[in-house]
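coords_14.txt follows (compact mmCIF, C-alpha atoms):
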# COMPACT_ATOMS: atom_id res chain seq x y z
CA GLU A 2 -4.48 36.46 -12.70
CA ASP A 3 -5.37 33.73 -10.20
CA VAL A 4 -5.46 36.30 -7.40
CA GLY A 5 -7.66 38.58 -9.49
CA CYS A 6 -10.07 35.75 -10.28
CA ALA A 7 -10.23 34.75 -6.63
CA LEU A 8 -10.99 38.32 -5.58
CA ALA A 9 -13.65 38.59 -8.28
CA ARG A 10 -15.29 35.37 -7.03
CA VAL A 11 -15.20 36.58 -3.42
CA GLY A 12 -16.71 39.90 -4.50
CA ALA A 13 -19.45 38.15 -6.45
CA VAL A 14 -20.29 35.88 -3.50
CA TRP A 15 -20.27 38.88 -1.14
CA LEU A 16 -22.59 40.88 -3.39
CA ALA A 17 -24.92 37.90 -3.87
CA LEU A 18 -25.21 37.38 -0.10
CA VAL A 19 -25.85 41.08 0.51
CA LEU A 20 -28.54 41.14 -2.17
CA ALA A 21 -30.22 37.93 -1.02
CA LEU A 22 -30.08 38.45 2.75
CA ILE A 23 -30.48 42.22 3.07
CA VAL A 24 -31.34 44.18 -0.08
CA VAL A 25 -34.23 42.05 -1.41
CA PRO A 26 -35.91 41.63 2.01
CA SER A 27 -35.49 45.38 2.63
CA ALA A 28 -37.03 46.22 -0.74
CA LEU A 29 -40.01 44.03 0.10
CA GLY A 30 -40.35 45.45 3.60
CA LEU A 31 -39.47 42.09 5.16
CA SER A 32 -37.01 41.07 7.87
CA LEU A 33 -35.15 37.77 8.17
CA GLY A 34 -34.41 38.45 11.84
CA ILE A 35 -30.71 39.17 11.30
CA SER A 36 -30.93 42.76 12.58
CA GLU A 37 -32.97 41.68 15.59
CA ALA A 38 -30.44 38.97 16.50
CA TYR A 39 -27.57 41.45 16.07
CA MET A 40 -29.27 43.96 18.38
CA ARG A 41 -29.89 41.31 21.06
CA VAL A 42 -26.23 40.29 21.04
CA LEU A 43 -25.17 43.95 21.06
CA VAL A 44 -27.40 44.85 24.02
CA LYS A 45 -26.12 41.87 26.03
CA THR A 46 -22.51 42.77 25.21
CA LEU A 47 -22.93 46.41 26.29
CA GLU A 48 -24.70 45.34 29.49
CA TRP A 49 -21.82 42.99 30.30
CA ALA A 50 -19.26 45.71 29.53
CA THR A 51 -21.10 48.18 31.80
CA ILE A 52 -21.07 45.70 34.68
CA ARG A 53 -17.35 45.01 34.16
CA ILE A 54 -16.57 48.72 34.13
CA GLU A 55 -18.58 49.35 37.30
CA LYS A 56 -16.84 46.47 39.09
CA GLY A 57 -13.42 47.69 37.99
CA VAL A 58 -14.18 51.27 38.98
CA LYS A 59 -15.60 50.75 42.47
CA LYS A 60 -12.38 49.89 44.28
CA PRO A 61 -9.37 51.60 42.66
CA ARG A 62 -10.99 54.69 41.13
CA PRO A 63 -14.37 55.44 42.72
CA GLN A 64 -14.70 58.76 40.91
CA MET A 65 -13.88 57.57 37.40
CA LEU A 66 -17.37 56.72 36.23
CA LYS A 67 -19.45 59.86 36.07
CA THR A 68 -23.16 60.31 35.82
CA PRO A 69 -24.29 62.38 32.86
CA ALA A 70 -24.58 66.10 33.43
CA ALA A 71 -28.32 66.04 32.78
CA ASN A 72 -28.84 69.05 34.98
CA GLY A 73 -25.65 70.75 33.94
CA ILE A 74 -22.28 71.23 35.58
CA ILE A 75 -23.61 73.99 37.82
CA GLU A 76 -26.92 74.36 39.59
CA ARG A 77 -28.69 77.37 38.17
CA ASP A 78 -31.10 79.65 39.94
CA GLU A 79 -33.94 80.32 37.52
CA THR A 80 -35.27 83.33 39.43
CA PRO A 81 -35.99 86.09 36.88
CA MET A 82 -34.03 89.33 36.91
CA GLU A 83 -37.02 91.36 38.12
CA LYS A 84 -37.27 89.36 41.35
CA GLU A 85 -33.53 89.09 41.88
CA ILE A 86 -32.99 92.85 41.97
CA ALA A 87 -36.47 93.97 43.04
CA ARG A 88 -34.86 95.51 46.11
CA LEU A 89 -33.43 98.27 43.92
CA HIS A 90 -36.13 100.69 44.97
CA ARG A 91 -33.63 103.08 46.49
CA VAL A 92 -31.80 105.90 44.75
CA ASP A 93 -28.32 105.13 46.08
CA PHE A 94 -26.24 102.59 44.17
CA GLU A 95 -24.46 99.86 46.13
CA PHE A 96 -21.63 97.69 44.86
CA SER A 97 -23.62 94.54 45.66
CA ASP A 98 -26.12 95.54 42.98
CA ILE A 99 -23.83 94.09 40.30
CA PHE A 100 -23.55 90.65 41.90
CA TYR A 101 -26.55 89.31 39.98
CA PHE A 102 -24.89 90.15 36.65
CA CYS A 103 -21.52 88.81 37.81
CA ARG A 104 -23.09 85.48 38.76
CA LYS A 105 -24.93 85.21 35.46
CA GLY A 106 -21.71 86.02 33.61
CA PHE A 107 -19.74 83.34 35.48
CA GLU A 108 -22.50 80.80 34.82
CA ALA A 109 -22.39 81.59 31.12
CA ILE A 110 -18.60 81.21 31.02
CA VAL A 111 -18.56 77.91 32.92
CA GLU A 112 -21.53 76.40 31.09
CA ASP A 113 -23.78 78.37 28.78
CA GLU A 114 -27.04 76.99 27.43
CA VAL A 115 -26.08 77.15 23.77
CA THR A 116 -22.61 75.85 22.94
CA GLN A 117 -23.04 72.62 24.90
CA ARG A 118 -25.90 71.77 22.50
CA PHE A 119 -23.36 71.59 19.65
CA SER A 120 -21.21 68.82 21.15
CA SER A 121 -22.00 65.14 21.59
CA GLU A 122 -24.10 64.34 24.64
CA GLU A 123 -22.40 62.52 27.51
CA LEU A 124 -23.05 58.84 28.22
CA VAL A 125 -23.62 57.12 31.54
CA SER A 126 -21.08 54.45 30.65
CA TRP A 127 -18.62 53.59 27.91
CA ASN A 128 -20.32 51.92 24.93
CA LEU A 129 -17.11 50.29 23.61
CA LEU A 130 -16.74 53.00 20.96
CA THR A 131 -14.01 55.63 20.94
CA ARG A 132 -16.24 58.33 22.45
CA THR A 133 -16.77 58.24 26.20
CA ASN A 134 -17.43 60.70 29.02
CA VAL A 135 -14.11 59.88 30.73
CA ASN A 136 -10.61 59.08 29.54
CA PHE A 137 -10.07 55.39 28.84
CA HIS A 138 -8.68 53.42 31.76
CA TYR A 139 -7.58 49.80 31.72
CA ILE A 140 -10.18 47.73 33.58
CA SER A 141 -9.59 44.10 32.68
CA LEU A 142 -8.07 41.91 30.00
CA ARG A 143 -11.46 40.50 28.97
CA LEU A 144 -12.92 43.97 28.47
CA THR A 145 -9.91 44.99 26.37
CA VAL A 146 -10.22 41.84 24.25
CA VAL A 147 -13.94 42.51 23.67
CA TRP A 148 -13.12 46.10 22.64
CA VAL A 149 -10.46 44.88 20.16
CA ILE A 150 -12.91 42.32 18.71
CA GLY A 151 -15.48 45.13 18.43
CA VAL A 152 -13.03 47.30 16.47
CA ILE A 153 -12.32 44.41 14.07
CA VAL A 154 -16.04 43.71 13.60
CA ARG A 155 -16.94 47.36 13.06
CA TYR A 156 -14.13 48.22 10.63
CA CYS A 157 -13.54 44.91 8.85
CA PHE A 158 -17.12 43.62 8.54
CA LEU A 159 -19.76 46.27 9.31
CA LEU A 160 -18.03 49.12 7.46
CA PRO A 161 -17.63 47.22 4.12
CA LEU A 162 -21.17 45.84 4.47
CA ARG A 163 -22.66 49.26 5.15
CA PHE A 164 -20.64 50.87 2.37
CA THR A 165 -21.92 48.21 -0.06
CA LEU A 166 -25.53 48.78 1.04
CA ALA A 167 -25.15 52.55 0.81
CA ALA A 168 -23.72 52.25 -2.71
CA ILE A 169 -26.60 49.97 -3.75
CA GLY A 170 -29.18 52.29 -2.17
CA ILE A 171 -27.81 55.48 -3.75
CA THR A 172 -27.33 53.85 -7.17
CA SER A 173 -30.85 52.43 -7.05
CA MET A 174 -32.21 55.84 -6.11
CA ILE A 175 -30.49 57.57 -9.04
CA VAL A 176 -31.35 54.90 -11.61
CA GLY A 177 -34.89 54.31 -10.36
CA THR A 178 -35.93 57.96 -10.16
CA THR A 179 -34.32 58.71 -13.55
CA MET A 180 -36.32 55.91 -15.19
CA VAL A 181 -39.58 56.90 -13.46
CA GLY A 182 -38.93 60.53 -14.39
CA GLN A 183 -39.23 59.63 -18.09
CA LEU A 184 -42.87 58.63 -17.65
CA PRO A 185 -45.69 61.13 -18.27
CA ASN A 186 -47.35 62.64 -15.22
CA SER A 187 -50.00 60.23 -13.95
CA SER A 188 -51.09 58.29 -10.89
CA VAL A 189 -48.91 55.39 -12.09
CA LYS A 190 -45.82 57.63 -12.13
CA ASN A 191 -46.60 58.92 -8.63
CA TYR A 192 -47.05 55.37 -7.34
CA LEU A 193 -43.78 54.15 -8.88
CA SER A 194 -41.93 57.22 -7.58
CA GLU A 195 -43.13 56.56 -4.03
CA MET A 196 -42.14 52.89 -4.31
CA VAL A 197 -38.63 53.80 -5.50
CA HIS A 198 -38.17 56.32 -2.68
CA LEU A 199 -39.46 53.90 -0.02
CA THR A 200 -37.40 50.97 -1.30
CA CYS A 201 -34.15 52.93 -1.50
CA SER A 202 -34.71 54.52 1.92
CA ARG A 203 -35.18 51.08 3.46
CA ILE A 204 -31.90 49.92 1.95
CA LEU A 205 -30.12 53.04 3.26
CA VAL A 206 -31.55 52.47 6.75
CA ARG A 207 -30.11 48.95 6.66
CA ALA A 208 -26.79 50.55 5.68
CA LEU A 209 -26.92 52.32 9.05
CA SER A 210 -28.03 49.19 10.94
CA GLY A 211 -31.07 51.28 11.76
CA THR A 212 -33.59 50.13 14.34
CA ILE A 213 -36.49 52.58 14.32
CA CYS A 214 -39.70 52.50 16.31
CA TYR A 215 -42.53 54.60 14.85
CA HIS A 216 -45.27 55.66 17.28
CA ASN A 217 -48.83 56.88 16.59
CA LYS A 218 -48.86 56.10 12.87
CA GLU A 219 -52.43 57.34 12.64
CA ASN A 220 -50.94 60.87 12.80
CA LYS A 221 -48.61 60.42 9.81
CA PRO A 222 -48.33 63.54 7.61
CA GLN A 223 -50.87 63.70 4.78
CA LYS A 224 -50.57 65.10 1.26
CA GLY A 225 -50.87 68.85 1.04
CA GLY A 226 -49.44 69.29 4.55
CA ILE A 227 -46.12 70.31 6.09
CA CYS A 228 -44.11 67.92 8.26
CA VAL A 229 -41.80 69.68 10.74
CA ALA A 230 -39.31 67.84 12.96
CA ASN A 231 -36.40 68.51 15.27
CA HIS A 232 -33.02 68.17 13.57
CA THR A 233 -30.11 66.07 14.84
CA SER A 234 -28.50 64.65 11.72
CA PRO A 235 -28.63 64.59 7.90
CA ILE A 236 -29.97 61.04 8.25
CA ASP A 237 -33.17 62.41 9.84
CA ALA A 238 -34.64 62.57 6.33
CA ILE A 239 -33.77 58.91 5.66
CA ILE A 240 -35.26 57.90 9.02
CA LEU A 241 -38.57 59.55 8.09
CA THR A 242 -38.70 58.50 4.42
CA ASN A 243 -38.22 54.90 5.56
CA ASP A 244 -41.86 55.03 6.70
CA GLY A 245 -43.38 57.40 4.14
CA CYS A 246 -42.61 59.68 1.21
CA TYR A 247 -42.00 63.43 1.48
CA ALA A 248 -41.16 66.32 -0.81
CA MET A 249 -37.77 67.64 0.30
CA VAL A 250 -36.90 71.32 0.52
CA GLY A 251 -33.33 72.55 0.24
CA GLN A 252 -30.55 74.22 -1.66
CA VAL A 253 -29.17 72.86 -4.91
CA HIS A 254 -25.81 71.13 -4.37
CA GLY A 255 -23.02 69.94 -6.60
CA GLY A 256 -21.20 66.60 -6.69
CA LEU A 257 -22.95 63.35 -5.77
CA MET A 258 -25.68 65.18 -3.86
CA GLY A 259 -26.41 67.27 -6.93
CA VAL A 260 -26.73 64.13 -9.08
CA ILE A 261 -29.22 62.67 -6.59
CA GLN A 262 -31.21 65.93 -6.48
CA ARG A 263 -31.46 66.20 -10.26
CA ALA A 264 -32.54 62.56 -10.56
CA THR A 265 -35.14 62.59 -7.76
CA VAL A 266 -36.79 65.86 -8.81
CA LYS A 267 -37.71 64.27 -12.16
CA ALA A 268 -39.81 61.64 -10.41
CA CYS A 269 -41.05 63.57 -7.37
CA PRO A 270 -41.91 67.28 -6.89
CA HIS A 271 -39.09 68.12 -4.48
CA VAL A 272 -38.46 71.83 -4.01
CA TRP A 273 -34.81 72.68 -4.70
CA PHE A 274 -33.58 76.28 -4.67
CA GLU A 275 -30.52 77.84 -6.23
CA ARG A 276 -28.20 79.64 -3.81
CA SER A 277 -29.41 83.05 -5.05
CA GLU A 278 -33.09 82.03 -4.78
CA ILE A 279 -32.97 80.69 -1.23
CA LYS A 280 -32.08 84.16 0.07
CA ASP A 281 -35.31 85.53 -1.41
CA ARG A 282 -37.86 84.78 1.33
CA HIS A 283 -40.81 85.87 -0.79
CA LEU A 284 -39.84 83.52 -3.63
CA VAL A 285 -39.32 80.61 -1.22
CA THR A 286 -42.67 81.24 0.49
CA LYS A 287 -44.44 81.54 -2.87
CA ARG A 288 -43.13 78.22 -4.20
CA LEU A 289 -43.89 76.40 -0.94
CA ARG A 290 -47.43 77.81 -0.85
CA GLU A 291 -48.00 76.63 -4.40
CA HIS A 292 -46.84 73.15 -3.41
CA VAL A 293 -49.05 73.00 -0.29
CA ALA A 294 -52.07 74.27 -2.25
CA ASP A 295 -51.92 71.14 -4.45
CA LYS A 296 -53.45 68.42 -2.26
CA SER A 297 -52.20 65.72 -4.62
CA LYS A 298 -48.54 66.48 -3.84
CA LEU A 299 -46.53 64.82 -1.08
CA PRO A 300 -46.20 66.60 2.28
CA ILE A 301 -43.22 68.93 2.54
CA LEU A 302 -40.50 67.91 5.03
CA ILE A 303 -38.88 70.87 6.83
CA PHE A 304 -36.44 71.12 9.74
CA PRO A 305 -37.21 74.61 11.13
CA GLU A 306 -34.13 74.76 13.40
CA GLY A 307 -31.98 75.15 10.31
CA THR A 308 -29.03 73.27 11.83
CA CYS A 309 -28.27 70.07 13.72
CA ILE A 310 -28.70 70.04 17.52
CA ASN A 311 -27.17 67.34 19.72
CA ASN A 312 -30.21 65.15 20.47
CA THR A 313 -30.79 66.73 23.90
CA SER A 314 -32.66 69.91 22.99
CA VAL A 315 -34.92 71.73 20.57
CA MET A 316 -33.82 75.25 19.67
CA MET A 317 -35.62 78.13 17.98
CA PHE A 318 -37.87 77.28 15.04
CA LYS A 319 -37.55 79.76 12.18
CA LYS A 320 -40.92 81.35 11.51
CA GLY A 321 -40.76 80.99 7.70
CA SER A 322 -42.13 77.44 7.74
CA PHE A 323 -45.16 78.63 9.70
CA GLU A 324 -46.06 81.54 7.42
CA ILE A 325 -46.90 79.27 4.50
CA GLY A 326 -50.28 78.21 5.80
CA GLY A 327 -51.80 74.75 5.69
CA THR A 328 -51.69 71.98 8.26
CA ILE A 329 -48.53 71.34 10.29
CA TYR A 330 -47.71 67.73 11.20
CA PRO A 331 -45.16 67.77 14.05
CA VAL A 332 -42.72 64.86 14.40
CA ALA A 333 -40.34 64.25 17.31
CA ILE A 334 -37.14 62.25 16.71
CA LYS A 335 -35.02 60.95 19.59
CA TYR A 336 -31.89 58.82 19.08
CA ASP A 337 -30.44 56.37 21.60
CA PRO A 338 -26.79 57.47 22.06
CA GLN A 339 -25.78 54.15 23.63
CA PHE A 340 -25.39 52.52 20.22
CA GLY A 341 -24.01 55.40 18.19
CA ASP A 342 -23.84 59.19 18.11
CA ALA A 343 -26.13 60.43 15.35
CA PHE A 344 -25.41 64.14 15.94
CA TRP A 345 -23.49 65.95 13.19
CA ASN A 346 -21.38 68.84 14.39
CA SER A 347 -20.97 70.41 10.95
CA SER A 348 -18.63 73.11 12.29
CA LYS A 349 -16.18 70.42 13.45
CA TYR A 350 -16.57 67.45 11.06
CA ASN A 351 -17.05 67.39 7.31
CA ILE A 352 -19.68 65.09 5.85
CA VAL A 353 -17.15 62.35 4.98
CA SER A 354 -15.77 62.19 8.54
CA TYR A 355 -19.29 62.21 9.92
CA LEU A 356 -20.47 59.35 7.69
CA LEU A 357 -17.36 57.33 8.62
CA ARG A 358 -18.21 57.75 12.31
CA ILE A 359 -21.83 56.75 11.66
CA MET A 360 -20.89 53.68 9.62
CA THR A 361 -18.38 52.48 12.24
CA SER A 362 -20.78 52.84 15.16
CA TRP A 363 -22.72 49.86 16.49
CA ALA A 364 -26.12 50.89 15.15
CA ILE A 365 -28.54 53.79 14.79
CA VAL A 366 -31.46 53.31 17.18
CA CYS A 367 -34.21 55.90 17.48
CA ASN A 368 -37.85 56.57 18.27
CA VAL A 369 -40.12 58.63 16.01
CA TRP A 370 -43.38 60.06 17.30
CA TYR A 371 -46.04 61.26 14.85
CA MET A 372 -48.08 63.94 16.63
CA PRO A 373 -51.62 65.22 16.01
CA PRO A 374 -51.81 67.87 13.24
CA MET A 375 -51.74 71.52 14.30
CA VAL A 376 -53.11 74.63 12.58
CA ARG A 377 -52.50 78.29 13.22
CA LYS A 378 -55.06 79.77 15.61
CA GLU A 379 -56.95 82.98 14.97
CA GLY A 380 -54.91 85.96 16.14
CA GLU A 381 -51.73 83.83 16.47
CA ASP A 382 -48.69 85.11 14.58
CA ALA A 383 -46.09 82.88 12.92
CA VAL A 384 -43.61 83.16 15.82
CA GLN A 385 -46.20 82.13 18.41
CA PHE A 386 -47.32 79.23 16.23
CA ALA A 387 -43.70 78.09 15.74
CA ASN A 388 -43.09 78.20 19.50
CA ARG A 389 -46.26 76.19 20.18
CA VAL A 390 -45.20 73.47 17.74
CA LYS A 391 -41.65 73.48 19.14
CA SER A 392 -42.95 73.04 22.71
CA ALA A 393 -45.10 70.09 21.64
CA ILE A 394 -42.14 68.37 19.93
CA ALA A 395 -39.86 68.97 22.94
CA ARG A 396 -42.40 67.49 25.37
CA GLN A 397 -43.03 64.42 23.23
CA GLY A 398 -39.34 63.69 22.60
CA GLY A 399 -38.20 64.39 26.17
CA LEU A 400 -35.98 67.21 24.90
CA THR A 401 -35.03 70.50 26.54
CA GLU A 402 -36.76 73.49 24.96
CA LEU A 403 -34.50 76.50 24.37
CA PRO A 404 -35.32 79.91 22.85
CA TRP A 405 -31.90 80.38 21.22
CA ASP A 406 -31.25 80.43 17.48
CA GLY A 407 -29.29 77.39 16.29
CA GLY A 408 -27.37 79.76 14.01
CA LEU A 409 -25.26 80.62 17.07
CA LYS A 410 -23.25 77.51 16.19
CA ARG A 411 -21.42 79.70 13.68
CA ALA A 412 -22.43 83.29 14.52
CA LYS A 413 -22.32 85.61 17.51
CA VAL A 414 -25.33 86.87 19.41
CA LYS A 415 -26.91 89.75 17.50
CA ASP A 416 -26.39 93.25 18.91
CA THR A 417 -30.15 93.80 18.83
CA PHE A 418 -30.66 91.00 21.34
CA LYS A 419 -28.08 92.46 23.72
CA GLU A 420 -29.63 95.90 23.33
CA GLU A 421 -33.04 94.44 24.15
CA GLN A 422 -31.72 93.06 27.45
CA GLN A 423 -30.14 96.41 28.27
CA LYS A 424 -33.43 98.18 27.58
CA ASN A 425 -35.31 95.76 29.84
CA TYR A 426 -32.85 96.45 32.66
CA SER A 427 -33.04 100.23 32.25
CA LYS A 428 -36.86 100.14 32.20
CA MET A 429 -36.81 98.12 35.41
CA LEU A 430 -34.52 100.62 37.11
CA VAL A 431 -36.80 103.49 36.12
CA ARG A 432 -39.85 101.61 37.30
CA ASN A 433 -38.27 100.81 40.67
CA GLY A 434 -37.28 104.40 41.25
CA SER A 435 -33.54 103.81 41.17
CA ILE A 436 -33.32 106.38 38.38
CA GLY A 437 -35.60 109.37 38.42

Could you spell out this file's structure in structure tokens?
Amino acid sequence: EDVGCALARVGAVWLALVLALIVVPSALGLSLGISEAYMRVLVKTLEWATIRIEKGVKKPRPQMLKTPAANGIIERDETPMEKEIARLHRVDFEFSDIFYFCRKGFEAIVEDEVTQRFSSEELVSWNLLTRTNVNFHYISLRLTVVWVIGVIVRYCFLLPLRFTLAAIGITSMIVGTTMVGQLPNSSVKNYLSEMVHLTCSRILVRALSGTICYHNKENKPQKGGICVANHTSPIDAIILTNDGCYAMVGQVHGGLMGVIQRATVKACPHVWFERSEIKDRHLVTKRLREHVADKSKLPILIFPEGTCINNTSVMMFKKGSFEIGGTIYPVAIKYDPQFGDAFWNSSKYNIVSYLLRIMTSWAIVCNVWYMPPMVRKEGEDAVQFANRVKSAIARQGGLTELPWDGGLKRAKVKDTFKEEQQKNYSKMLVRNGSIG
């Protein structure tokens, strides 16, 4: 009984400190400077660790510390196929004619443009977490001691703290939106709903030790518009709702996520679809158009890539989001991988494993750029509009722009795409006179 009472007292003190020092200031949009002090100590520690690693590497193992493969493992020649084999103006076939295709095939096997976007990006130096771009080597006793202390801090202090904050944030979201949902539709209900969403999002960002810098706030999405952003992680939505409210779009889930969806939709006009409905493009488009047509409703938040990409690139935007009409508000999100890997490889980790990795990282640090609104030009189809928005987001976020569908994370290249390349090659041969 004495042990139980002692644990209860410790738990009460812990909860009181969390509420007083983190939850209440977060709810009020204030900061006591704790996060800032933590980040300063963290930056200094990582800088010291980097210097120690570089000193330890220089003499015994000069090749151990690698630079990131920003330009890839291999140096690619970007000359288009037409120029590469423009010499095929003759009728006779030579064996050397296939070398272009052999080289492209080898390049794809060694390092293709797609699959590397579904694995964590490489770091310049070890950030004292488990993930690194080289195998761990013993450098010095002091570095090892700092790493051990870091493990204790992350798992014995930060993890329980973040779990407590996440539980408070999720519970507050469910209770708050359920209570607001009982009110009749009015401006008061809308105001209270936005306050609940903002408050709970701020608490959840603190649960991630989030440090977010928002740029160009004058371009923030407005009601009746559509906010589109690149997609790295499920926490992208929390990062954005920490600075403003949005109507979410997605599929109805079960479990805890389903409870949250059912509670939030009572207070805010989120757009949730049943599994059977989401396959009906016309129904989805119709409901989204109805939402956008009401200028009193919150802007819709959509991630047009449809899957998470590893914070280095922007892949194909699905055209559906750009067929709805209305004003598009592009947003670029770029995480700093030095403090924690925000990317979720959903084909490798389940959501529980992913959240455990996030909550045991040092922090989530990112930049968010609000970009000027864009509208579809006259004579521009949905695909062209989607590509224009994607290019703008890639440029702003310093991300590589790729034409590939993010669905290739789980599916093979469609036969139609391969047939299109074969047709292009055959047309070129006919045009050059190699066949005729």

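If only C-alpha atoms are the atoms counted, then among A:Ile301, A:Ile329, A:Ile310, A:Leu184 the closest residue to Tyr247 in chain A is A:Ile301.
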
Neighbour list for range 399-409 of chain A as a VMD selection string, cut-off 10 Å, all atoms listed in the file, skip fewer than 4 positions in-chain: chain A and resid 114 to 116 118 to 119 231 305 to 310 312 to 319 333 to 335 388 391 to 395 413 to 415

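Candidate residues A:Tyr192, A:Leu205, A:Val369, A:Leu129 were compared for distance to Lys218 in chain A, and the nearest is A:Val369, using only C-alpha atoms.
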
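Once all atoms listed in the file are considered, the residues situated within 9 Å of the file point (-34.0, 54.4, 7.2) turn out to be A:Cys201, A:Ser202, A:Arg203, A:Ile204, A:Leu205, A:Val206, A:Arg207, A:Ala208, A:Leu209, A:Ser210, A:Gly211, A:Thr212, A:Ile213, A:Ile236, A:Asp237, A:Ala238, A:Ile239, A:Ile240, A:Leu241, A:Thr242, A:Asn243, A:Asp244.
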
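Among the candidates A:Gln423, A:Asn220, A:Gln262, A:Thr286, the residue lying nearest to Met375 in chain A is A:Asn220 (atoms considered: all atoms listed in the file).
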
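Our summary of the geometry notes that CA of Glu324 in chain A is positioned 14.4 Å from CA of Phe304 in chain A.
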
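When CA of Met258 in chain A is paired with CA of Cys246 in chain A, their separation reads 18.5 Å.
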
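We find CA of Gly245 in chain A and CA of Leu199 in chain A to be spaced 6.7 Å apart.
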
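Counting all atoms listed in the file, the residue from A:His292, A:His232, A:His271, A:Arg263 that sits nearest to Phe344 in chain A is A:His232.
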
Can you check which parts of range 293-377 of chain A lie within 9 Å of range 156-163 of chain A? Per residue, the shortest pair of atoms and distance in Å to one decimal, counting all atoms listed in the file, sorted by chain and number, as CSV.
residue,atom,partner,partner_atom,distance
A:Leu357,CA,A:Leu160,CA,8.3
A:Met360,CA,A:Leu160,CA,5.8
A:Thr361,CA,A:Leu160,CA,5.9
A:Ser362,CA,A:Leu159,CA,8.9
A:Trp363,CA,A:Leu159,CA,8.6

Between A:Leu302, A:Val197, A:Cys6, A:Leu16, smallest distance to Met249 in chain A by all atoms listed in the file belongs to A:Leu302

How would range 383-394 of chain A of the given structure read as a file with N, CA, C and O atoms, as a compact mmCIF listing (two decimals), in the first residue's frame?
# COMPACT_ATOMS: atom_id res chain seq x y z
N ALA A 383 -6.05 19.65 -65.71
CA ALA A 383 -5.77 19.37 -64.30
C ALA A 383 -4.35 18.85 -64.09
O ALA A 383 -3.69 19.18 -63.09
N VAL A 384 -3.85 18.04 -65.03
CA VAL A 384 -2.50 17.48 -64.91
C VAL A 384 -1.46 18.59 -65.00
O VAL A 384 -0.50 18.63 -64.21
N GLN A 385 -1.62 19.49 -65.95
CA GLN A 385 -0.68 20.60 -66.10
C GLN A 385 -0.70 21.51 -64.86
O GLN A 385 0.36 21.96 -64.40
N PHE A 386 -1.88 21.75 -64.34
CA PHE A 386 -2.01 22.58 -63.14
C PHE A 386 -1.32 21.90 -61.96
O PHE A 386 -0.58 22.54 -61.18
N ALA A 387 -1.54 20.59 -61.81
CA ALA A 387 -0.92 19.84 -60.72
C ALA A 387 0.60 19.90 -60.82
O ALA A 387 1.30 20.09 -59.81
N ASN A 388 1.13 19.76 -62.03
CA ASN A 388 2.58 19.80 -62.22
C ASN A 388 3.14 21.18 -61.92
O ASN A 388 4.25 21.32 -61.38
N ARG A 389 2.40 22.22 -62.25
CA ARG A 389 2.85 23.59 -61.98
C ARG A 389 2.93 23.84 -60.47
O ARG A 389 3.89 24.44 -59.97
N VAL A 390 1.91 23.37 -59.74
CA VAL A 390 1.91 23.53 -58.28
C VAL A 390 3.04 22.70 -57.66
O VAL A 390 3.75 23.15 -56.75
N LYS A 391 3.22 21.49 -58.16
CA LYS A 391 4.28 20.61 -57.64
C LYS A 391 5.65 21.25 -57.84
O LYS A 391 6.50 21.22 -56.94
N SER A 392 5.89 21.83 -59.01
CA SER A 392 7.18 22.47 -59.29
C SER A 392 7.44 23.63 -58.33
O SER A 392 8.56 23.82 -57.84
N ALA A 393 6.39 24.40 -58.06
CA ALA A 393 6.54 25.53 -57.14
C ALA A 393 6.90 25.06 -55.74
O ALA A 393 7.77 25.64 -55.07
N ILE A 394 6.24 24.00 -55.26
CA ILE A 394 6.52 23.46 -53.93
C ILE A 394 7.94 22.90 -53.87
O ILE A 394 8.66 23.13 -52.88
